[in-house]
$ cat structure17.pdb   # PDB, C-alpha atoms
ATOM      1  CA  MET A 849       0.000   0.000   0.000  1.00  0.00           C
ATOM      2  CA  THR A 850       1.423   3.374  -1.015  1.00  0.00           C
ATOM      3  CA  GLU A 851       1.627   6.241   1.459  1.00  0.00           C
ATOM      4  CA  LYS A 852      -1.125   8.063  -0.455  1.00  0.00           C
ATOM      5  CA  LYS A 853      -3.458   5.057  -0.235  1.00  0.00           C
ATOM      6  CA  GLU A 854      -2.636   4.627   3.448  1.00  0.00           C
ATOM      7  CA  GLN A 855      -3.560   8.246   4.182  1.00  0.00           C
ATOM      8  CA  PHE A 856      -6.773   7.877   2.185  1.00  0.00           C
ATOM      9  CA  PHE A 857      -7.737   4.770   4.161  1.00  0.00           C
ATOM     10  CA  LYS A 858      -7.032   6.515   7.485  1.00  0.00           C
ATOM     11  CA  LYS A 859      -9.293   9.387   6.412  1.00  0.00           C
ATOM     12  CA  HIS A 860     -11.942   6.866   5.371  1.00  0.00           C
ATOM     13  CA  LEU A 861     -11.842   5.297   8.840  1.00  0.00           C
ATOM     14  CA  LEU A 862     -12.210   8.683  10.537  1.00  0.00           C
ATOM     15  CA  ASP A 863     -15.168   9.506   8.277  1.00  0.00           C
ATOM     16  CA  LEU A 864     -16.876   6.228   9.207  1.00  0.00           C
ATOM     17  CA  ALA A 865     -16.239   6.773  12.919  1.00  0.00           C
ATOM     18  CA  ASN A 866     -17.646  10.309  12.744  1.00  0.00           C
ATOM     19  CA  ARG A 867     -20.685   9.084  10.886  1.00  0.00           C
ATOM     20  CA  ALA A 868     -21.351   6.390  13.490  1.00  0.00           C
ATOM     21  CA  TYR A 869     -21.061   8.969  16.255  1.00  0.00           C
ATOM     22  CA  GLN A 870     -23.271  11.590  14.574  1.00  0.00           C
ATOM     23  CA  GLU A 871     -25.968   9.135  13.479  1.00  0.00           C
ATOM     24  CA  ASN A 872     -25.696   7.080  16.692  1.00  0.00           C
ATOM     25  CA  TYR A 873     -25.733   3.878  14.690  1.00  0.00           C
ATOM     26  CA  PRO A 874     -23.016   1.335  13.771  1.00  0.00           C
ATOM     27  CA  VAL A 875     -21.072   1.811  10.528  1.00  0.00           C
ATOM     28  CA  PHE A 876     -18.844  -0.776   8.842  1.00  0.00           C
ATOM     29  CA  THR A 877     -15.910  -1.046   6.471  1.00  0.00           C
ATOM     30  CA  ASP A 878     -15.716  -3.631   3.705  1.00  0.00           C
ATOM     31  CA  PHE A 879     -13.545  -6.702   4.301  1.00  0.00           C
ATOM     32  CA  MET A 880     -10.061  -5.353   4.887  1.00  0.00           C
ATOM     33  CA  THR A 881      -6.662  -6.362   3.612  1.00  0.00           C
ATOM     34  CA  THR A 882      -3.998  -7.319   6.158  1.00  0.00           C
ATOM     35  CA  LYS A 883      -2.463  -3.859   5.842  1.00  0.00           C
ATOM     36  CA  GLU A 884      -5.816  -2.091   6.296  1.00  0.00           C
ATOM     37  CA  TYR A 885      -6.525  -4.249   9.335  1.00  0.00           C
ATOM     38  CA  ALA A 886      -3.180  -3.225  10.811  1.00  0.00           C
ATOM     39  CA  ILE A 887      -3.928   0.458  10.162  1.00  0.00           C
ATOM     40  CA  LEU A 888      -7.317   0.208  11.883  1.00  0.00           C
ATOM     41  CA  ASN A 889      -5.856  -1.473  14.955  1.00  0.00           C
ATOM     42  CA  LYS A 890      -3.121   1.136  15.185  1.00  0.00           C
ATOM     43  CA  SER A 891      -5.646   3.996  14.805  1.00  0.00           C
ATOM     44  CA  LYS A 892      -8.208   2.895  17.402  1.00  0.00           C
ATOM     45  CA  GLY A 893      -7.207   5.583  19.896  1.00  0.00           C
ATOM     46  CA  GLN A 894      -8.096   8.309  17.402  1.00  0.00           C
ATOM     47  CA  PHE A 895     -11.823   7.538  17.300  1.00  0.00           C
ATOM     48  CA  SER A 896     -13.824   9.536  19.837  1.00  0.00           C
ATOM     49  CA  GLY A 897     -17.319   8.602  20.956  1.00  0.00           C
ATOM     50  CA  VAL A 898     -17.298   5.161  19.309  1.00  0.00           C
ATOM     51  CA  THR A 899     -15.567   1.809  19.756  1.00  0.00           C
ATOM     52  CA  ALA A 900     -13.885   0.089  16.817  1.00  0.00           C
ATOM     53  CA  ILE A 901     -14.241  -3.706  16.610  1.00  0.00           C
ATOM     54  CA  CYS A 902     -13.012  -6.151  13.966  1.00  0.00           C
ATOM     55  CA  PHE A 903     -14.923  -9.317  13.043  1.00  0.00           C
ATOM     56  CA  GLY A 904     -14.967 -11.691  10.089  1.00  0.00           C
ATOM     57  CA  GLY A 905     -18.200 -13.593  10.676  1.00  0.00           C
ATOM     58  CA  HIS A 906     -16.841 -16.446  12.814  1.00  0.00           C
ATOM     59  CA  GLU A 907     -14.014 -17.342  15.174  1.00  0.00           C
ATOM     60  CA  ASP A 908     -10.487 -17.165  13.756  1.00  0.00           C
ATOM     61  CA  CYS A 909     -11.477 -15.522  10.481  1.00  0.00           C
ATOM     62  CA  SER A 910      -8.516 -14.126   8.588  1.00  0.00           C
ATOM     63  CA  ARG A 911     -10.276 -11.398   6.582  1.00  0.00           C
ATOM     64  CA  MET A 912     -12.321  -9.045   8.717  1.00  0.00           C
ATOM     65  CA  MET A 913     -14.528  -5.977   8.610  1.00  0.00           C
ATOM     66  CA  GLY A 914     -14.134  -3.026  10.917  1.00  0.00           C
ATOM     67  CA  GLY A 915     -17.204  -1.804  12.798  1.00  0.00           C
ATOM     68  CA  PHE A 916     -17.675   1.504  14.625  1.00  0.00           C
ATOM     69  CA  PHE A 917     -20.155   1.243  17.483  1.00  0.00           C
ATOM     70  CA  PRO A 918     -21.748   3.937  19.658  1.00  0.00           C
ATOM     71  CA  GLU A 919     -22.050   2.898  23.297  1.00  0.00           C
ATOM     72  CA  ASP A 920     -25.736   1.899  23.029  1.00  0.00           C
ATOM     73  CA  PHE A 921     -24.931  -0.864  20.523  1.00  0.00           C
ATOM     74  CA  MET A 922     -21.949  -2.518  22.166  1.00  0.00           C
ATOM     75  CA  GLU A 923     -23.863  -5.428  23.707  1.00  0.00           C
ATOM     76  CA  ASP A 924     -24.925  -6.925  20.339  1.00  0.00           C
ATOM     77  CA  SER A 925     -21.988  -5.656  18.303  1.00  0.00           C
ATOM     78  CA  LEU A 926     -20.911  -8.905  16.608  1.00  0.00           C
ATOM     79  CA  SER A 927     -24.441  -9.838  15.562  1.00  0.00           C
ATOM     80  CA  MET A 928     -24.818  -6.486  13.798  1.00  0.00           C
ATOM     81  CA  PHE A 929     -21.942  -6.987  11.375  1.00  0.00           C
ATOM     82  CA  PRO A 930     -23.417  -7.276   7.845  1.00  0.00           C
ATOM     83  CA  ILE A 931     -21.720 -10.620   7.207  1.00  0.00           C
ATOM     84  CA  VAL A 932     -23.475 -13.706   5.856  1.00  0.00           C
ATOM     85  CA  CYS A 933     -22.043 -17.198   5.436  1.00  0.00           C
ATOM     86  CA  ILE A 934     -23.055 -19.067   2.281  1.00  0.00           C
ATOM     87  CA  ARG A 935     -22.462 -22.792   1.827  1.00  0.00           C
ATOM     88  CA  ALA A 936     -21.614 -23.679  -1.770  1.00  0.00           C
ATOM     89  CA  GLN A 937     -22.109 -27.446  -2.091  1.00  0.00           C
ATOM     90  CA  VAL A 938     -20.952 -29.530  -5.038  1.00  0.00           C
ATOM     91  CA  ARG A 939     -24.103 -30.892  -6.657  1.00  0.00           C
ATOM     92  CA  ASN A 940     -22.743 -34.330  -7.594  1.00  0.00           C
ATOM     93  CA  ASP A 941     -19.699 -35.690  -5.766  1.00  0.00           C
ATOM     94  CA  LYS A 942     -19.182 -38.434  -8.346  1.00  0.00           C
ATOM     95  CA  TYR A 943     -18.425 -36.048 -11.205  1.00  0.00           C
ATOM     96  CA  ALA A 944     -16.958 -33.152  -9.245  1.00  0.00           C
ATOM     97  CA  GLN A 945     -13.480 -31.786  -9.826  1.00  0.00           C
ATOM     98  CA  SER A 946     -11.093 -31.225  -6.947  1.00  0.00           C
ATOM     99  CA  LEU A 947     -11.751 -27.549  -6.202  1.00  0.00           C
ATOM    100  CA  THR A 948      -9.399 -25.206  -4.355  1.00  0.00           C
ATOM    101  CA  HIS A 949      -9.805 -21.922  -2.491  1.00  0.00           C
ATOM    102  CA  ARG A 950      -8.465 -20.173  -5.607  1.00  0.00           C
ATOM    103  CA  ASP A 951     -11.102 -21.872  -7.781  1.00  0.00           C
ATOM    104  CA  TYR A 952     -14.005 -20.700  -5.605  1.00  0.00           C
ATOM    105  CA  LEU A 953     -12.658 -17.184  -5.194  1.00  0.00           C
ATOM    106  CA  GLY A 954     -11.928 -16.857  -8.909  1.00  0.00           C
ATOM    107  CA  ALA A 955     -15.439 -17.992  -9.833  1.00  0.00           C
ATOM    108  CA  ILE A 956     -16.997 -15.431  -7.474  1.00  0.00           C
ATOM    109  CA  LEU A 957     -14.804 -12.570  -8.704  1.00  0.00           C
ATOM    110  CA  ASN A 958     -15.669 -13.504 -12.301  1.00  0.00           C
ATOM    111  CA  LEU A 959     -19.263 -12.584 -11.452  1.00  0.00           C
ATOM    112  CA  GLY A 960     -18.043  -8.987 -11.105  1.00  0.00           C
ATOM    113  CA  ILE A 961     -17.942  -8.923  -7.298  1.00  0.00           C
ATOM    114  CA  GLU A 962     -15.118  -6.904  -5.695  1.00  0.00           C
ATOM    115  CA  ARG A 963     -12.604  -8.775  -3.539  1.00  0.00           C
ATOM    116  CA  SER A 964     -13.424  -6.474  -0.610  1.00  0.00           C
ATOM    117  CA  MET A 965     -16.961  -7.903  -0.539  1.00  0.00           C
ATOM    118  CA  ILE A 966     -15.704 -11.430   0.183  1.00  0.00           C
ATOM    119  CA  GLY A 967     -14.164 -12.604   3.452  1.00  0.00           C
ATOM    120  CA  ASP A 968     -12.795 -16.033   4.302  1.00  0.00           C
ATOM    121  CA  ILE A 969     -13.542 -19.140   2.261  1.00  0.00           C
ATOM    122  CA  ARG A 970     -13.320 -22.429   4.177  1.00  0.00           C
ATOM    123  CA  LEU A 971     -13.307 -25.762   2.351  1.00  0.00           C
ATOM    124  CA  ARG A 972     -14.834 -28.919   3.812  1.00  0.00           C
ATOM    125  CA  ASP A 973     -15.955 -32.166   2.121  1.00  0.00           C
ATOM    126  CA  GLN A 974     -16.779 -30.885  -1.376  1.00  0.00           C
ATOM    127  CA  ALA A 975     -18.263 -27.674  -0.017  1.00  0.00           C
ATOM    128  CA  ALA A 976     -17.076 -24.116   0.483  1.00  0.00           C
ATOM    129  CA  PHE A 977     -18.212 -21.853   3.304  1.00  0.00           C
ATOM    130  CA  ILE A 978     -18.033 -18.312   1.969  1.00  0.00           C
ATOM    131  CA  PHE A 979     -18.261 -15.224   4.176  1.00  0.00           C
ATOM    132  CA  CYS A 980     -19.584 -12.252   2.235  1.00  0.00           C
ATOM    133  CA  LYS A 981     -21.019  -8.788   2.719  1.00  0.00           C
ATOM    134  CA  GLY A 982     -24.779  -9.036   3.183  1.00  0.00           C
ATOM    135  CA  ASP A 983     -25.559  -6.661   0.296  1.00  0.00           C
ATOM    136  CA  PHE A 984     -24.406  -9.284  -2.214  1.00  0.00           C
ATOM    137  CA  VAL A 985     -26.092 -12.400  -0.833  1.00  0.00           C
ATOM    138  CA  SER A 986     -29.045 -12.446  -3.248  1.00  0.00           C
ATOM    139  CA  PHE A 987     -26.784 -11.866  -6.236  1.00  0.00           C
ATOM    140  CA  ILE A 988     -24.481 -14.717  -5.219  1.00  0.00           C
ATOM    141  CA  LEU A 989     -27.367 -17.112  -4.577  1.00  0.00           C
ATOM    142  CA  ASP A 990     -28.840 -16.352  -8.018  1.00  0.00           C
ATOM    143  CA  ASN A 991     -25.637 -16.364 -10.057  1.00  0.00           C
ATOM    144  CA  PHE A 992     -23.017 -18.475  -8.343  1.00  0.00           C
ATOM    145  CA  VAL A 993     -23.897 -21.846  -9.876  1.00  0.00           C
ATOM    146  CA  MET A 994     -20.616 -23.154 -11.299  1.00  0.00           C
ATOM    147  CA  VAL A 995     -16.973 -23.453 -10.225  1.00  0.00           C
ATOM    148  CA  LYS A 996     -14.746 -24.381 -13.174  1.00  0.00           C
ATOM    149  CA  HIS A 997     -16.938 -27.090 -14.777  1.00  0.00           C
ATOM    150  CA  THR A 998     -18.551 -28.263 -11.534  1.00  0.00           C
ATOM    151  CA  PRO A 999     -22.197 -27.304 -10.761  1.00  0.00           C
ATOM    152  CA  ILE A1000     -22.843 -26.128  -7.201  1.00  0.00           C
ATOM    153  CA  ASP A1001     -25.857 -25.279  -5.038  1.00  0.00           C
ATOM    154  CA  CYS A1002     -25.744 -22.343  -2.612  1.00  0.00           C
ATOM    155  CA  GLU A1003     -27.630 -21.721   0.613  1.00  0.00           C
ATOM    156  CA  ILE A1004     -27.423 -19.274   3.505  1.00  0.00           C
ATOM    157  CA  LEU A1005     -26.310 -20.736   6.822  1.00  0.00           C
ATOM    158  CA  GLU A1006     -28.530 -19.219   9.491  1.00  0.00           C
ATOM    159  CA  ASN A1007     -26.971 -21.130  12.396  1.00  0.00           C
ATOM    160  CA  ALA A1008     -23.384 -20.303  13.344  1.00  0.00           C
ATOM    161  CA  ALA A1009     -23.020 -23.845  14.714  1.00  0.00           C
ATOM    162  CA  ASP A1010     -23.180 -25.150  11.128  1.00  0.00           C
ATOM    163  CA  ILE A1011     -20.056 -23.200  10.152  1.00  0.00           C
ATOM    164  CA  PRO A1012     -16.911 -25.356  10.426  1.00  0.00           C
ATOM    165  CA  PRO A1013     -14.018 -24.075  12.543  1.00  0.00           C
ATOM    166  CA  GLN A1014     -10.870 -22.691  10.984  1.00  0.00           C
ATOM    167  CA  GLU A1015      -8.364 -25.430  10.207  1.00  0.00           C
ATOM    168  CA  TYR A1016      -4.597 -25.152  10.533  1.00  0.00           C
ATOM    169  CA  GLU A1017      -1.527 -26.934   9.309  1.00  0.00           C
ATOM    170  CA  LYS A1018       0.727 -27.522  12.308  1.00  0.00           C
ATOM    171  CA  ILE A1019       4.451 -27.104  11.710  1.00  0.00           C
ATOM    172  CA  GLN A1020       7.127 -27.727  14.361  1.00  0.00           C
ATOM    173  CA  ARG A1021      10.398 -25.847  14.061  1.00  0.00           C
ATOM    174  CA  THR A1022      13.479 -24.898  16.060  1.00  0.00           C
ATOM    175  CA  VAL A1023      14.836 -21.353  15.806  1.00  0.00           C
ATOM    176  CA  ALA A1024      17.937 -19.621  17.113  1.00  0.00           C
ATOM    177  CA  SER A1025      15.771 -16.985  18.820  1.00  0.00           C
ATOM    178  CA  LEU A1026      12.320 -15.408  18.626  1.00  0.00           C
ATOM    179  CA  ARG A1027      13.552 -12.570  16.421  1.00  0.00           C
ATOM    180  CA  LEU A1028      11.113 -11.838  13.619  1.00  0.00           C
ATOM    181  CA  ASP A1029      13.528 -12.854  10.862  1.00  0.00           C
ATOM    182  CA  ASN A1030      14.074 -16.286  12.437  1.00  0.00           C
ATOM    183  CA  VAL A1031      10.355 -16.871  12.974  1.00  0.00           C
ATOM    184  CA  VAL A1032       9.366 -15.733   9.462  1.00  0.00           C
ATOM    185  CA  ALA A1033      12.040 -17.966   7.913  1.00  0.00           C
ATOM    186  CA  ALA A1034      10.665 -20.915   9.899  1.00  0.00           C
ATOM    187  CA  MET A1035       7.092 -20.130   8.860  1.00  0.00           C
ATOM    188  CA  ILE A1036       7.780 -19.953   5.125  1.00  0.00           C
ATOM    189  CA  GLY A1037      10.422 -22.691   5.162  1.00  0.00           C
ATOM    190  CA  SER A1038      13.161 -20.626   3.575  1.00  0.00           C
ATOM    191  CA  ALA A1039      16.567 -19.152   4.344  1.00  0.00           C
ATOM    192  CA  ARG A1040      16.783 -16.183   6.702  1.00  0.00           C
ATOM    193  CA  LYS A1041      17.909 -13.987   3.793  1.00  0.00           C
ATOM    194  CA  ARG A1042      14.466 -14.285   2.175  1.00  0.00           C
ATOM    195  CA  ALA A1043      12.774 -13.518   5.508  1.00  0.00           C
ATOM    196  CA  VAL A1044      14.889 -10.375   5.886  1.00  0.00           C
ATOM    197  CA  GLU A1045      13.842  -9.231   2.395  1.00  0.00           C
ATOM    198  CA  LEU A1046      10.151  -9.698   3.189  1.00  0.00           C
ATOM    199  CA  ILE A1047      10.404  -7.864   6.517  1.00  0.00           C
ATOM    200  CA  THR A1048      12.416  -4.890   5.271  1.00  0.00           C
ATOM    201  CA  GLN A1049      10.130  -4.367   2.266  1.00  0.00           C
ATOM    202  CA  GLY A1050       7.066  -4.176   4.541  1.00  0.00           C
ATOM    203  CA  SER A1051       5.508  -7.536   3.674  1.00  0.00           C
ATOM    204  CA  VAL A1052       5.174  -8.786   7.267  1.00  0.00           C
ATOM    205  CA  VAL A1053       2.458  -7.818   9.748  1.00  0.00           C
ATOM    206  CA  ALA A1054       2.919  -9.179  13.278  1.00  0.00           C
ATOM    207  CA  GLY A1055       0.475  -8.503  16.091  1.00  0.00           C
ATOM    208  CA  HIS A1056      -1.616  -6.254  13.804  1.00  0.00           C
ATOM    209  CA  GLU A1057       1.330  -3.978  13.024  1.00  0.00           C
ATOM    210  CA  GLU A1058       3.712  -3.823  10.101  1.00  0.00           C
ATOM    211  CA  HIS A1059       7.267  -4.456  11.299  1.00  0.00           C
ATOM    212  CA  THR A1060      10.341  -3.693   9.221  1.00  0.00           C
ATOM    213  CA  SER A1061      12.883  -4.440  11.948  1.00  0.00           C
ATOM    214  CA  VAL A1062      14.290  -7.967  11.731  1.00  0.00           C
ATOM    215  CA  SER A1063      15.147  -7.879  15.446  1.00  0.00           C
ATOM    216  CA  PHE A1064      11.546  -7.421  16.595  1.00  0.00           C
ATOM    217  CA  SER A1065      10.807 -10.034  19.282  1.00  0.00           C
ATOM    218  CA  CYS A1066       7.789 -12.282  18.636  1.00  0.00           C
ATOM    219  CA  LYS A1067       5.401 -13.230  21.441  1.00  0.00           C
ATOM    220  CA  GLN A1068       3.157 -16.151  22.355  1.00  0.00           C
ATOM    221  CA  ASP A1069      -0.016 -16.463  20.207  1.00  0.00           C
ATOM    222  CA  MET A1070       1.138 -13.669  17.900  1.00  0.00           C
ATOM    223  CA  ILE A1071      -0.629 -13.650  14.532  1.00  0.00           C
ATOM    224  CA  ILE A1072       1.811 -13.071  11.682  1.00  0.00           C
ATOM    225  CA  SER A1073       0.715 -12.354   8.109  1.00  0.00           C
ATOM    226  CA  ILE A1074       3.301 -12.661   5.341  1.00  0.00           C
ATOM    227  CA  ARG A1075       2.326 -11.246   1.968  1.00  0.00           C
ATOM    228  CA  GLY A1076       2.382 -13.983  -0.652  1.00  0.00           C
ATOM    229  CA  TYR A1077       2.705 -16.773   1.930  1.00  0.00           C
ATOM    230  CA  GLY A1078      -0.351 -16.623   4.168  1.00  0.00           C
ATOM    231  CA  LYS A1079      -1.257 -16.162   7.792  1.00  0.00           C
ATOM    232  CA  TYR A1080       0.209 -17.945  10.836  1.00  0.00           C
ATOM    233  CA  ARG A1081      -0.184 -18.176  14.615  1.00  0.00           C
ATOM    234  CA  LEU A1082       2.907 -18.638  16.770  1.00  0.00           C
ATOM    235  CA  ASP A1083       2.880 -21.002  19.751  1.00  0.00           C
ATOM    236  CA  ILE A1084       5.844 -21.062  22.133  1.00  0.00           C
ATOM    237  CA  PRO A1085       5.639 -24.200  24.289  1.00  0.00           C
ATOM    238  CA  PRO A1086       6.755 -23.893  27.927  1.00  0.00           C
ATOM    239  CA  ASP A1087      10.201 -25.252  28.786  1.00  0.00           C
ATOM    240  CA  SER A1088      11.015 -25.483  25.091  1.00  0.00           C
ATOM    241  CA  ILE A1089      14.704 -24.574  24.990  1.00  0.00           C
ATOM    242  CA  THR A1090      16.897 -27.333  23.550  1.00  0.00           C
ATOM    243  CA  LYS A1091      20.182 -28.481  25.071  1.00  0.00           C
ATOM    244  CA  LYS A1092      21.950 -26.376  22.436  1.00  0.00           C
ATOM    245  CA  GLY A1093      20.033 -23.285  23.517  1.00  0.00           C
ATOM    246  CA  LYS A1094      17.619 -23.133  20.579  1.00  0.00           C
ATOM    247  CA  GLN A1095      13.901 -22.355  20.843  1.00  0.00           C
ATOM    248  CA  LYS A1096      11.254 -24.886  19.869  1.00  0.00           C
ATOM    249  CA  ILE A1097       8.107 -23.360  18.333  1.00  0.00           C
ATOM    250  CA  ASN A1098       4.811 -24.577  16.941  1.00  0.00           C
ATOM    251  CA  ILE A1099       3.497 -22.808  13.862  1.00  0.00           C
ATOM    252  CA  TYR A1100      -0.192 -22.968  12.965  1.00  0.00           C
ATOM    253  CA  LYS A1101      -0.725 -22.003   9.340  1.00  0.00           C
ATOM    254  CA  TYR A1102      -4.253 -20.922   8.386  1.00  0.00           C
ATOM    255  CA  ILE A1103      -5.650 -23.252   5.706  1.00  0.00           C
TER     256      ILE A1103
END

$ encode --input "structure17.pdb" --output "structure tokens"
Amino acid sequence: MTEKKEQFFKKHLLDLANRAYQENYPVFTDFMTTKEYAILNKSKGQFSGVTAICFGGHEDCSRMMGGFFPEDFMEDSLSMFPIVCIRAQVRNDKYAQSLTHRDYLGAILNLGIERSMIGDIRLRDQAAFIFCKGDFVSFILDNFVMVKHTPIDCEILENAADIPPQEYEKIQRTVASLRLDNVVAAMIGSARKRAVELITQGSVVAGHEEHTSVSFSCKQDMIISIRGYGKYRLDIPPDSITKKGKQKINIYKYI
């Protein structure tokens, strides 16, 4: 994100917060990029008279909306987010292709829907669970009927209990220290040199903030997003120093 775009987004957030305060009613962003999410979290102290909350429609969602809530609406804040989950089910398992996240997202975007209108897409057993902005639900239900050459049927999930939890790929690594460059290298499975490049060029967001210092110290349960590689959660087991003084870590990669 360029500096000009970053300033524009900050102004957009302030406009939304002011609108929520003046109208005394919640106001929401679209689904945010990792960078936009980091900007919102860093700017929360600048919003007067409202509380900013981020939510993606379910626990552990990667892509989230920002909501600005006057005090009277705080109790039911999550239920007021204009997010709907649609289940896209393969019509005939026997003849279905093996469909990926990219296949589902590409098919939706080919309908002319902006990426910012679509949140997470979770795949389970020949079905995709798609979080989307409520304004586009009817259009998706009417027009989203095919992914590649595979027919699908779509329905709204009214019950949050029917939405599957986020899945992770667990990776166990040993690092020299919890410096950001060591942790990023372990997460993407590459040499530290590549991790340093990603960090210094602003491609790493850790704990909702962009960090360009390779010596930044990572913490337990820190969420780290790496542009082009995905999103990860860091787990530091207790008593996990090896005899050679290295640190054992568990990495949970969002699937």

$ residues_around --input "structure17.pdb" --residues "region 861-875 of chain A" --least-positions-apart "4" --cutoff "10 Å" --atoms "all atoms listed in the file" --output "MDAnalysis selection string"
chainID A and resid 855:857 884 887:888 891:892 894:900 914:922 925 928:930

$ write_last_selection --input "structure17.pdb" --atoms "C-alpha atoms" --output "short mmCIF file (atom, residue, chain, number, x, y, z; two decimals), in the coordinates of the input"
data_model
loop_
_atom_site.label_atom_id
_atom_site.label_comp_id
_atom_site.auth_asym_id
_atom_site.auth_seq_id
_atom_site.Cartn_x
_atom_site.Cartn_y
_atom_site.Cartn_z
CA GLN A 855 -3.56 8.25 4.18
CA PHE A 856 -6.77 7.88 2.18
CA PHE A 857 -7.74 4.77 4.16
CA GLU A 884 -5.82 -2.09 6.30
CA ILE A 887 -3.93 0.46 10.16
CA LEU A 888 -7.32 0.21 11.88
CA SER A 891 -5.65 4.00 14.80
CA LYS A 892 -8.21 2.90 17.40
CA GLN A 894 -8.10 8.31 17.40
CA PHE A 895 -11.82 7.54 17.30
CA SER A 896 -13.82 9.54 19.84
CA GLY A 897 -17.32 8.60 20.96
CA VAL A 898 -17.30 5.16 19.31
CA THR A 899 -15.57 1.81 19.76
CA ALA A 900 -13.88 0.09 16.82
CA GLY A 914 -14.13 -3.03 10.92
CA GLY A 915 -17.20 -1.80 12.80
CA PHE A 916 -17.68 1.50 14.62
CA PHE A 917 -20.16 1.24 17.48
CA PRO A 918 -21.75 3.94 19.66
CA GLU A 919 -22.05 2.90 23.30
CA ASP A 920 -25.74 1.90 23.03
CA PHE A 921 -24.93 -0.86 20.52
CA MET A 922 -21.95 -2.52 22.17
CA SER A 925 -21.99 -5.66 18.30
CA MET A 928 -24.82 -6.49 13.80
CA PHE A 929 -21.94 -6.99 11.38
CA PRO A 930 -23.42 -7.28 7.84
#

$ closest_residue --input "structure17.pdb" --among "A:Leu926, A:Cys909, A:Ile1071, A:Ala1039" --to "Arg970 (chain A)" --atoms "all atoms listed in the file"
A:Cys909

$ residues_around --input "structure17.pdb" --residues "region 1008-1021 of chain A" --least-positions-apart "4" --cutoff "7 Å" --atoms "all atoms listed in the file" --output "number ranges by chain"
A: 908, 1034, 1096-1103

$ residues_around --input "structure17.pdb" --residues "Gln1095 (chain A)" --least-positions-apart "3" --cutoff "8 Å" --atoms "all atoms listed in the file" --output "ChimeraX atom specification"
/A:1022-1026,1088-1090

$ closest_residue --input "structure17.pdb" --among "A:Asp951, A:Glu923, A:Asp1087, A:Glu962" --to "Met994 (chain A)" --atoms "all atoms listed in the file"
A:Asp951

$ resolve_selection --input "structure17.pdb" --expression "the PyMOL selection byres ((chain A and resi 1053) around 9)" --output "PyMOL selection string"
chain A and resi 882-883+886+1047+1050-1052+1054-1060+1071-1075

$ closest_residue --input "structure17.pdb" --among "A:Arg939, A:Lys1094, A:Lys996, A:His860" --to "Asn958 (chain A)" --atoms "only C-alpha atoms"
A:Lys996

$ closest_residue --input "structure17.pdb" --among "A:Cys1002, A:Ile1084, A:Met880, A:Val985" --to "Ser964 (chain A)" --atoms "all atoms listed in the file"
A:Met880

$ atom_distance --input "structure17.pdb" --atom1 "CA of Lys1041 (chain A)" --atom2 "CA of Gln1068 (chain A)"
23.8 Å

$ closest_residue --input "structure17.pdb" --among "A:Gln1049, A:Ser986, A:Ser1061, A:Thr948" --to "Val932 (chain A)" --atoms "all atoms listed in the file"
A:Ser986

$ atom_distance --input "structure17.pdb" --atom1 "CA of Tyr952 (chain A)" --atom2 "CA of Phe979 (chain A)"
12.0 Å

$ atom_distance --input "structure17.pdb" --atom1 "CA of Lys1067 (chain A)" --atom2 "CA of Asp1029 (chain A)"
13.3 Å

$ closest_residue --input "structure17.pdb" --among "A:Gln945, A:Gln937, A:Ser1038, A:Asn1030" --to "Phe992 (chain A)" --atoms "all atoms listed in the file"
A:Gln937

$ residues_near_point --input "structure17.pdb" --point "(-18.9, -9.0, 0.4)" --cutoff "10 Å" --atoms "all atoms listed in the file" --output "list in words"
Asp878, Phe879, Met913, Pro930, Ile931, Val932, Ile961, Glu962, Arg963, Ser964, Met965, Ile966, Gly967, Ile978, Phe979, Cys980, Lys981, Gly982, Asp983, Phe984, Val985 and Ile988 of chain A

$ residues_around --input "structure17.pdb" --residues "Gln974 (chain A)" --least-positions-apart "2" --cutoff "12 Å" --atoms "only C-alpha atoms" --output "list in words"
Arg935, Ala936, Gln937, Val938, Arg939, Asn940, Asp941, Lys942, Tyr943, Ala944, Gln945, Ser946, Leu947, Thr948, His949, Tyr952, Arg970, Leu971, Arg972, Ala976, Phe977, Val995, Thr998, Pro999, Ile1000 and Asp1001 of chain A

$ residues_near_point --input "structure17.pdb" --point "(-11.4, -15.8, 7.8)" --cutoff "6 Å" --atoms "only C-alpha atoms" --output "PyMOL selection string"
chain A and resi 904+909-911+968

$ axis_aligned_box --input "structure17.pdb" --around "region 974-984 of chain A" --padding-each-side "3 Å" --output "AutoDock Vina command-line options"
--center_x -21.2 --center_y -18.8 --center_z 1.0 --size_x 14.8 --size_y 30.2 --size_z 12.4
